[in-house]
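Heads up, the thing below is written out as C-alpha cells.
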Amino acid sequence: MSDEPIRWLWAVATVVVWLVLTGWTVWRFRRKAVPAVEAGSTLIAVASQTGFGDELAGMTRKAFADAGQPVRVASFADIEAADLKTAARVLFIASTTGEGDAPDSASGFVRKVMKGQTNLAGVRYGLLSLGDQSYAEFCGFGRALDGWLRAAGAQPLFDAVEVDNGDTAAIRRWQGELTRLTGSVAAPDWAPPAYADWRLVERRLLNPGSPGEGVWHLAFAPVDGVLEWVAGDIVEVGVPSPEGGLVPREYSIASLPADGRAEFLIRLMRRPDGTPGLASGRLTGTLQVGETVPMRLRPNRAFHGPDAATPLILIGNGTGLAGLRSHLKTRAAAAATGGAWLMFGERTVAHDSLHDAELQGWLADGTLTRLDRTFSRDPGDGRYVQAVIEAEAQTVRDWVARGAAIYVCGSLEGMAGGVNAALESVLGGETLRDLVETGRYRRDVY
C-alpha cells in the first residue's frame, strides 16, 4: 500500500495545527493589546476624529489616577458590550463628525453594539459630547449615543455635557463633574497647551490665474526652535478676533520636522459679502513675512500613517493635498516599499496643478507609484476625483486585496461623500466597512 495518503494526512494535520496556533497567538495578542476592563474600575471610552477627544480622555484619566482610582482609556473600536457591563462606570467622550456622524473609530461600535439588543441595566455613565454648532446636527452622534444608553437601561451620572468647538465653559463643567466623582479637593489644571510663537518665513501663491480663490503655500518656523510632530497631525492657529481674544483655526500640516518648518496649504475664503475670512484673510493676506502668529500642535492619531510596507492610496482635493503631502514625505524619507497612489482633484490643469514639480519628482523616484489627477473646470476633463475610483475600479480592488490603506483628505462637502460612495460602489459595503473598522480607511475632512 502506498504511503502517499498518509503523507497527505500529515500535511493536512500540520496545516490545521498551524492555523490553530496562529489564531490562538492573534487572540492572545489582541487580548494583550486590549486588556479586559477591571471590575470596579472606571472605563473612559473615546471616539475622536481630530485628536481633541484623545487629549480630553488623557486629562480625564489623569484626574482618576491622581485620586488613586483604577481607570482605563479605550477607543470605541476596542469596546464591546461586556466591557460596559463590567466597569463600575463608563465615561464617554464622543466627537461628532460631519452632519451628525460618528467618528470612523466608532463605526464598528455603532454597528455591532449600538444596533444590537443590549441590556445595560446597572451601568452608570457620563457623556462629554464634542461638536460644532455651525453644523445642523450639532453633537448628533453624542445625542444618539445618549439616547441609546438610556434606552438600554443605563443610568446617567449627570446630564450630558455638550461642547461647541472647544468651549472652555463646557469643559470646566465636565471637570466639575469629575471632581465630584473622584472626591478630589481641587480641580485639576486643564488649561490647553500654551500657544507658541511661530514666524512666517514664506508665503507663495500656488494657483495664479485660477478660476477659484487663491491657494497659498505658507511656511512657519518656531521662535523657540521646537519641531515635533508626525504626518497626519494638525496645527491650531490662534487668530485675533474683533471681539478680543483668539479664535482657533485648524490646519493639516504639509511638512515634516526634518523640513525645519511647518508648512500649510490655505485657500482664501470669503464671507457672503465678499470680505476675506477671519483666519484665511489674515494668513494669506495681512500677515507679513517675518511676523509671528500663536500656534500649537495637536496629535491626530486617527490620521497617522501605516508602516512603510503597506500600500497606500491617497485621495483628496484642493488644500487637502497638505495632509496627503506629509504622508508622501514620510514615505520618501523611509524609502517605503509598499507603493503609493495619489488621486487628486482640482479646477484646471493650467493653473491648479498644485506642487506639480514635487509630485512629478516623487513619481520619477518611485515614492509615487501612480498619480491620477482630475480637473473639473477643464473642457477636456470635467471630472471630480471620485471619477478615478470608478474608472480604475479593478486596480483599486487589486490594491485593497494586497493590503492597501486608503487615506482621504479635503473638503467634507462634495468630495468626501462622493469618494465614499465611489469606494462603496467599487469595493462593496461590507469591504468598505471592514476597512473603516480595521483602520485601513481614514479621513481628515473639513
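Identifiers in the C-alpha cells: chain A, B, ... in order shown; residue index from 1 per chain; ligand index from 1 in order shown.
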Quick one: residues within 10 Å of Arg249 (chain A), only C-alpha atoms, excluding same-chain residues fewer than 5 positions away - as a list of chain:residue names?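 My list of contacting residues is A:Val235, A:Glu236, A:Val237, A:Gly238, A:Val239, A:Leu278, A:Ala279, A:Ser280, A:Met295.
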For those residues, write C-alpha atoms to a file as an mmCIF file, in the first residue's frame.
data_model
loop_
_atom_site.group_PDB
_atom_site.id
_atom_site.type_symbol
_atom_site.label_atom_id
_atom_site.label_comp_id
_atom_site.auth_asym_id
_atom_site.auth_seq_id
_atom_site.Cartn_x
_atom_site.Cartn_y
_atom_site.Cartn_z
ATOM 1 C CA VAL A 235 -1.938 72.657 13.972
ATOM 2 C CA GLU A 236 -4.232 75.082 15.758
ATOM 3 C CA VAL A 237 -3.641 78.720 14.875
ATOM 4 C CA GLY A 238 -4.895 81.424 17.215
ATOM 5 C CA VAL A 239 -6.387 84.238 15.141
ATOM 6 C CA LEU A 278 -11.097 85.952 9.572
ATOM 7 C CA ALA A 279 -8.307 83.338 9.543
ATOM 8 C CA SER A 280 -7.616 82.836 5.835
ATOM 9 C CA MET A 295 0.176 78.226 17.190
#
Within 6 Å of region 259-270 of chain A, counting only C-alpha atoms, which residues show up once you throw out same-chain ones fewer than 4 positions away? Write them as a PyMOL selection string, please. chain A and resi 213-221+253-255+274-277+280+319+322
Can you spit out the residues from that selection as a tab-separated table (two decimals), in the first residue's frame, using all heavy atoms?
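Listing of selection.tsv after writing:
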chain	number	residue	atom	x	y	z
A	213	GLU	N	-10.56	80.74	-5.77
A	213	GLU	CA	-9.78	81.61	-4.90
A	213	GLU	C	-8.34	81.09	-4.79
A	213	GLU	O	-8.06	79.92	-5.04
A	213	GLU	CB	-10.42	81.70	-3.52
A	213	GLU	CG	-11.76	82.43	-3.50
A	213	GLU	CD	-11.62	83.93	-3.73
A	213	GLU	OE1	-10.47	84.43	-3.81
A	213	GLU	OE2	-12.66	84.61	-3.82
A	214	GLY	N	-7.46	81.97	-4.36
A	214	GLY	CA	-6.06	81.63	-4.27
A	214	GLY	C	-5.75	80.57	-3.24
A	214	GLY	O	-6.33	80.55	-2.15
A	215	VAL	N	-4.85	79.67	-3.59
A	215	VAL	CA	-4.32	78.67	-2.66
A	215	VAL	C	-2.87	79.06	-2.39
A	215	VAL	O	-2.07	79.18	-3.31
A	215	VAL	CB	-4.39	77.24	-3.23
A	215	VAL	CG1	-3.67	76.26	-2.31
A	215	VAL	CG2	-5.84	76.82	-3.42
A	216	TRP	N	-2.55	79.22	-1.12
A	216	TRP	CA	-1.23	79.70	-0.72
A	216	TRP	C	-0.46	78.63	0.03
A	216	TRP	O	-1.02	77.92	0.86
A	216	TRP	CB	-1.37	80.94	0.17
A	216	TRP	CG	-2.05	82.10	-0.51
A	216	TRP	CD1	-3.40	82.28	-0.69
A	216	TRP	CD2	-1.41	83.23	-1.12
A	216	TRP	NE1	-3.65	83.44	-1.37
A	216	TRP	CE2	-2.44	84.06	-1.64
A	216	TRP	CE3	-0.10	83.63	-1.26
A	216	TRP	CZ2	-2.18	85.24	-2.30
A	216	TRP	CZ3	0.17	84.82	-1.92
A	216	TRP	CH2	-0.86	85.61	-2.43
A	217	HIS	N	0.81	78.55	-0.29
A	217	HIS	CA	1.74	77.71	0.47
A	217	HIS	C	2.40	78.60	1.51
A	217	HIS	O	3.05	79.60	1.17
A	217	HIS	CB	2.80	77.12	-0.46
A	217	HIS	CG	3.83	76.29	0.23
A	217	HIS	ND1	3.78	74.91	0.26
A	217	HIS	CD2	4.94	76.63	0.94
A	217	HIS	CE1	4.82	74.45	0.94
A	217	HIS	NE2	5.53	75.48	1.37
A	218	LEU	N	2.21	78.28	2.78
A	218	LEU	CA	2.78	79.06	3.87
A	218	LEU	C	3.72	78.19	4.69
A	218	LEU	O	3.47	77.00	4.88
A	218	LEU	CB	1.69	79.62	4.79
A	218	LEU	CG	0.77	80.68	4.19
A	218	LEU	CD1	-0.48	80.02	3.62
A	218	LEU	CD2	0.35	81.68	5.27
A	219	ALA	N	4.82	78.79	5.15
A	219	ALA	CA	5.78	78.08	5.98
A	219	ALA	C	6.08	78.92	7.22
A	219	ALA	O	6.28	80.14	7.12
A	219	ALA	CB	7.07	77.80	5.21
A	220	PHE	N	6.08	78.26	8.39
A	220	PHE	CA	6.33	78.92	9.66
A	220	PHE	C	7.47	78.22	10.38
A	220	PHE	O	7.54	76.98	10.39
A	220	PHE	CB	5.10	78.89	10.55
A	220	PHE	CG	3.95	79.71	10.05
A	220	PHE	CD1	3.05	79.20	9.12
A	220	PHE	CD2	3.75	81.01	10.50
A	220	PHE	CE1	1.98	79.95	8.66
A	220	PHE	CE2	2.69	81.78	10.05
A	220	PHE	CZ	1.80	81.25	9.12
A	221	ALA	N	8.34	78.99	11.00
A	221	ALA	CA	9.43	78.44	11.82
A	221	ALA	C	9.15	78.80	13.27
A	221	ALA	O	8.75	79.93	13.58
A	221	ALA	CB	10.77	79.02	11.39
A	253	ILE	N	-0.97	69.68	8.59
A	253	ILE	CA	0.43	70.04	8.38
A	253	ILE	C	0.94	69.32	7.13
A	253	ILE	O	0.77	68.11	6.98
A	253	ILE	CB	1.28	69.66	9.60
A	253	ILE	CG1	0.70	70.28	10.88
A	253	ILE	CG2	2.72	70.11	9.41
A	253	ILE	CD1	1.42	69.88	12.14
A	254	ALA	N	1.57	70.09	6.24
A	254	ALA	CA	2.00	69.55	4.95
A	254	ALA	C	3.48	69.21	4.91
A	254	ALA	O	4.00	68.87	3.84
A	254	ALA	CB	1.68	70.57	3.85
A	255	SER	N	4.16	69.27	6.04
A	255	SER	CA	5.61	69.03	6.06
A	255	SER	C	5.96	68.12	7.22
A	255	SER	O	5.09	67.67	7.98
A	255	SER	CB	6.36	70.36	6.18
A	255	SER	OG	5.98	71.04	7.38
A	274	GLY	N	-18.38	89.02	0.53
A	274	GLY	CA	-17.18	89.15	-0.27
A	274	GLY	C	-15.92	89.49	0.50
A	274	GLY	O	-14.82	89.45	-0.07
A	275	THR	N	-16.04	89.82	1.78
A	275	THR	CA	-14.85	90.15	2.56
A	275	THR	C	-14.10	88.87	2.93
A	275	THR	O	-14.70	87.80	3.08
A	275	THR	CB	-15.23	90.92	3.83
A	275	THR	OG1	-16.14	90.12	4.61
A	275	THR	CG2	-15.90	92.24	3.49
A	276	PRO	N	-12.76	88.95	3.10
A	276	PRO	CA	-11.98	87.76	3.42
A	276	PRO	C	-12.37	87.16	4.77
A	276	PRO	O	-12.77	87.88	5.69
A	276	PRO	CB	-10.54	88.28	3.45
A	276	PRO	CG	-10.57	89.54	2.64
A	276	PRO	CD	-11.92	90.13	2.89
A	277	GLY	N	-12.24	85.84	4.88
A	277	GLY	CA	-12.49	85.17	6.14
A	277	GLY	C	-11.51	85.61	7.20
A	277	GLY	O	-10.39	86.07	6.89
A	280	SER	N	-8.29	82.92	7.14
A	280	SER	CA	-7.62	82.84	5.84
A	280	SER	C	-7.22	84.22	5.32
A	280	SER	O	-6.19	84.38	4.67
A	280	SER	CB	-8.51	82.12	4.82
A	280	SER	OG	-9.67	82.88	4.54
A	319	THR	N	-6.96	72.06	-0.91
A	319	THR	CA	-5.94	72.15	0.13
A	319	THR	C	-5.79	70.85	0.91
A	319	THR	O	-4.90	70.74	1.76
A	319	THR	CB	-6.27	73.30	1.10
A	319	THR	OG1	-7.58	73.09	1.66
A	319	THR	CG2	-6.25	74.64	0.39
A	322	ALA	N	-2.41	69.04	1.47
A	322	ALA	CA	-1.50	69.25	2.60
A	322	ALA	C	-1.35	68.00	3.44
A	322	ALA	O	-0.24	67.53	3.70
A	322	ALA	CB	-2.00	70.42	3.46
So which bits of region 179-219 of chain A end up alpha helix (DSSP H) when you DSSP the backbone, as a PDB file with N, CA and C atoms, in the first residue's frame?
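Writing the result to result.pdb gives the following:
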ATOM      1  N   THR A 179     -14.507  66.077  39.415  1.00  0.00           N
ATOM      2  CA  THR A 179     -14.110  66.372  40.791  1.00  0.00           C
ATOM      3  C   THR A 179     -15.090  65.751  41.772  1.00  0.00           C
ATOM      4  N   ARG A 180     -16.368  65.828  41.432  1.00  0.00           N
ATOM      5  CA  ARG A 180     -17.386  65.220  42.297  1.00  0.00           C
ATOM      6  C   ARG A 180     -17.251  63.699  42.318  1.00  0.00           C
ATOM      7  N   LEU A 181     -16.969  63.089  41.154  1.00  0.00           N
ATOM      8  CA  LEU A 181     -16.861  61.628  41.083  1.00  0.00           C
ATOM      9  C   LEU A 181     -15.619  61.113  41.810  1.00  0.00           C
ATOM     10  N   THR A 182     -14.509  61.828  41.675  1.00  0.00           N
ATOM     11  CA  THR A 182     -13.261  61.357  42.275  1.00  0.00           C
ATOM     12  C   THR A 182     -13.120  61.761  43.740  1.00  0.00           C
TER      13      THR A 182
END
Who sits within 10 Å of region 381-385 of chain A, only C-alpha atoms, same chain under 6 positions skipped, as a list in words: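 Listed by chain and then number, they are Ile315, Gly316, Asn317, Met343, Phe344, Gly345, Glu346, Arg347, Thr348, Val349, Asp372, Arg373, Thr374, Phe375, Gly414, Met415, Ala416, Gly418, Val419 and Ala422 of chain A.
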Create the file for the chosen residues now, containing all heavy atoms and written as a CSV table (one decimal), in the first residue's frame.
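Final file, result-v2.csv:
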chain,number,residue,atom,x,y,z
A,315,ILE,N,-6.3,60.0,-1.4
A,315,ILE,CA,-7.3,60.7,-2.2
A,315,ILE,C,-7.6,62.0,-1.6
A,315,ILE,O,-7.8,62.1,-0.4
A,315,ILE,CB,-8.6,59.8,-2.3
A,315,ILE,CG1,-8.2,58.4,-2.7
A,315,ILE,CG2,-9.6,60.4,-3.2
A,315,ILE,CD1,-9.4,57.4,-2.6
A,316,GLY,N,-7.7,63.1,-2.5
A,316,GLY,CA,-8.1,64.4,-1.9
A,316,GLY,C,-8.4,65.4,-3.0
A,316,GLY,O,-8.3,65.1,-4.2
A,317,ASN,N,-8.7,66.6,-2.5
A,317,ASN,CA,-8.9,67.7,-3.4
A,317,ASN,C,-8.4,69.0,-2.7
A,317,ASN,O,-8.3,69.1,-1.5
A,317,ASN,CB,-10.3,67.8,-3.9
A,317,ASN,CG,-11.3,68.3,-2.7
A,317,ASN,OD1,-11.0,68.1,-1.6
A,317,ASN,ND2,-12.4,68.9,-3.1
A,343,MET,N,-4.6,60.1,-5.9
A,343,MET,CA,-5.7,60.6,-6.8
A,343,MET,C,-6.1,62.0,-6.2
A,343,MET,O,-6.4,62.1,-5.0
A,343,MET,CB,-6.9,59.7,-6.7
A,343,MET,CG,-6.7,58.2,-6.9
A,343,MET,SD,-8.2,57.3,-6.7
A,343,MET,CE,-7.5,55.6,-6.6
A,344,PHE,N,-6.1,63.0,-7.1
A,344,PHE,CA,-6.3,64.3,-6.6
A,344,PHE,C,-7.1,65.1,-7.6
A,344,PHE,O,-6.9,65.0,-8.8
A,344,PHE,CB,-4.9,65.0,-6.4
A,344,PHE,CG,-5.0,66.3,-5.7
A,344,PHE,CD1,-5.3,66.4,-4.4
A,344,PHE,CD2,-4.8,67.5,-6.5
A,344,PHE,CE1,-5.4,67.7,-3.8
A,344,PHE,CE2,-4.9,68.7,-5.9
A,344,PHE,CZ,-5.2,68.8,-4.5
A,345,GLY,N,-8.0,65.9,-7.1
A,345,GLY,CA,-8.9,66.8,-7.9
A,345,GLY,C,-8.7,68.2,-7.6
A,345,GLY,O,-8.6,68.7,-6.5
A,346,GLU,N,-8.7,69.0,-8.7
A,346,GLU,CA,-8.7,70.5,-8.6
A,346,GLU,C,-9.5,71.1,-9.8
A,346,GLU,O,-10.2,70.3,-10.5
A,346,GLU,CB,-7.3,71.0,-8.6
A,346,GLU,CG,-6.8,71.6,-7.2
A,346,GLU,CD,-7.6,72.9,-6.9
A,346,GLU,OE1,-8.3,73.4,-7.8
A,346,GLU,OE2,-7.5,73.3,-5.7
A,347,ARG,N,-9.3,72.4,-10.1
A,347,ARG,CA,-10.1,73.0,-11.1
A,347,ARG,C,-9.5,72.9,-12.5
A,347,ARG,O,-10.2,72.4,-13.4
A,347,ARG,CB,-10.3,74.5,-10.7
A,347,ARG,CG,-11.3,74.7,-9.5
A,347,ARG,CD,-11.3,76.1,-9.0
A,347,ARG,NE,-12.3,76.3,-8.0
A,347,ARG,CZ,-12.2,76.0,-6.7
A,347,ARG,NH1,-11.1,75.5,-6.3
A,347,ARG,NH2,-13.2,76.3,-5.9
A,348,THR,N,-8.3,73.5,-12.7
A,348,THR,CA,-7.8,73.5,-14.1
A,348,THR,C,-6.3,73.0,-14.1
A,348,THR,O,-5.6,73.3,-13.1
A,348,THR,CB,-7.8,74.9,-14.7
A,348,THR,OG1,-6.9,75.7,-13.9
A,348,THR,CG2,-9.2,75.5,-14.6
A,349,VAL,N,-5.9,72.3,-15.1
A,349,VAL,CA,-4.6,71.8,-15.2
A,349,VAL,C,-3.6,72.9,-15.4
A,349,VAL,O,-2.4,72.8,-14.9
A,349,VAL,CB,-4.4,70.7,-16.3
A,349,VAL,CG1,-4.6,71.4,-17.7
A,349,VAL,CG2,-3.1,70.0,-16.2
A,372,ASP,N,-2.9,60.2,-10.5
A,372,ASP,CA,-4.1,60.4,-11.3
A,372,ASP,C,-4.8,61.7,-10.8
A,372,ASP,O,-5.2,61.8,-9.6
A,372,ASP,CB,-5.1,59.3,-11.2
A,372,ASP,CG,-4.5,58.0,-11.9
A,372,ASP,OD1,-4.7,57.9,-13.1
A,372,ASP,OD2,-3.9,57.2,-11.3
A,373,ARG,N,-4.9,62.7,-11.7
A,373,ARG,CA,-5.5,64.0,-11.3
A,373,ARG,C,-6.7,64.3,-12.2
A,373,ARG,O,-6.7,63.9,-13.4
A,373,ARG,CB,-4.5,65.1,-11.3
A,373,ARG,CG,-3.4,65.0,-10.2
A,373,ARG,CD,-2.4,66.1,-10.3
A,373,ARG,NE,-1.5,66.0,-11.4
A,373,ARG,CZ,-0.4,66.7,-11.5
A,373,ARG,NH1,-0.1,67.7,-10.7
A,373,ARG,NH2,0.4,66.5,-12.6
A,374,THR,N,-7.7,64.9,-11.6
A,374,THR,CA,-8.8,65.3,-12.4
A,374,THR,C,-9.0,66.9,-12.3
A,374,THR,O,-8.6,67.4,-11.2
A,374,THR,CB,-10.1,64.7,-11.9
A,374,THR,OG1,-10.4,65.1,-10.5
A,374,THR,CG2,-10.1,63.2,-12.0
A,375,PHE,N,-9.5,67.5,-13.3
A,375,PHE,CA,-9.7,68.9,-13.3
A,375,PHE,C,-11.1,69.3,-13.8
A,375,PHE,O,-11.4,69.2,-14.9
A,375,PHE,CB,-8.6,69.6,-14.2
A,375,PHE,CG,-7.2,69.3,-13.7
A,375,PHE,CD1,-6.4,68.2,-14.2
A,375,PHE,CD2,-6.6,70.1,-12.7
A,375,PHE,CE1,-5.2,68.0,-13.7
A,375,PHE,CE2,-5.4,69.9,-12.2
A,375,PHE,CZ,-4.6,68.8,-12.7
A,414,GLY,N,-19.2,67.5,-0.7
A,414,GLY,CA,-19.0,67.1,-2.1
A,414,GLY,C,-17.9,66.0,-2.2
A,414,GLY,O,-18.3,64.9,-2.5
A,415,MET,N,-16.7,66.4,-1.9
A,415,MET,CA,-15.6,65.4,-2.2
A,415,MET,C,-15.7,64.2,-1.3
A,415,MET,O,-15.7,63.0,-1.8
A,415,MET,CB,-14.2,66.1,-2.0
A,415,MET,CG,-13.0,65.2,-2.4
A,415,MET,SD,-12.5,64.0,-1.2
A,415,MET,CE,-11.8,65.1,0.1
A,416,ALA,N,-15.7,64.3,0.0
A,416,ALA,CA,-15.7,63.2,0.9
A,416,ALA,C,-16.8,62.2,0.7
A,416,ALA,O,-16.7,61.0,0.7
A,416,ALA,CB,-15.6,63.7,2.4
A,418,GLY,N,-18.6,62.0,-2.1
A,418,GLY,CA,-18.5,61.4,-3.4
A,418,GLY,C,-17.5,60.2,-3.4
A,418,GLY,O,-17.7,59.2,-4.1
A,419,VAL,N,-16.4,60.4,-2.8
A,419,VAL,CA,-15.3,59.4,-2.7
A,419,VAL,C,-15.9,58.2,-1.9
A,419,VAL,O,-15.6,57.1,-2.3
A,419,VAL,CB,-14.1,60.0,-2.0
A,419,VAL,CG1,-13.1,58.9,-1.6
A,419,VAL,CG2,-13.4,61.0,-2.9
A,422,ALA,N,-18.2,56.3,-4.1
A,422,ALA,CA,-17.5,55.5,-5.2
A,422,ALA,C,-16.8,54.3,-4.7
A,422,ALA,O,-16.8,53.3,-5.3
A,422,ALA,CB,-16.5,56.5,-5.9
I'd like to know which residues of region 172-285 of chain A are strand (DSSP E or B) (by DSSP, run on the backbone); could you write them as a PyMOL selection string? chain A and resi 196-205+215-222+234-240+246-252+262-267+270+276
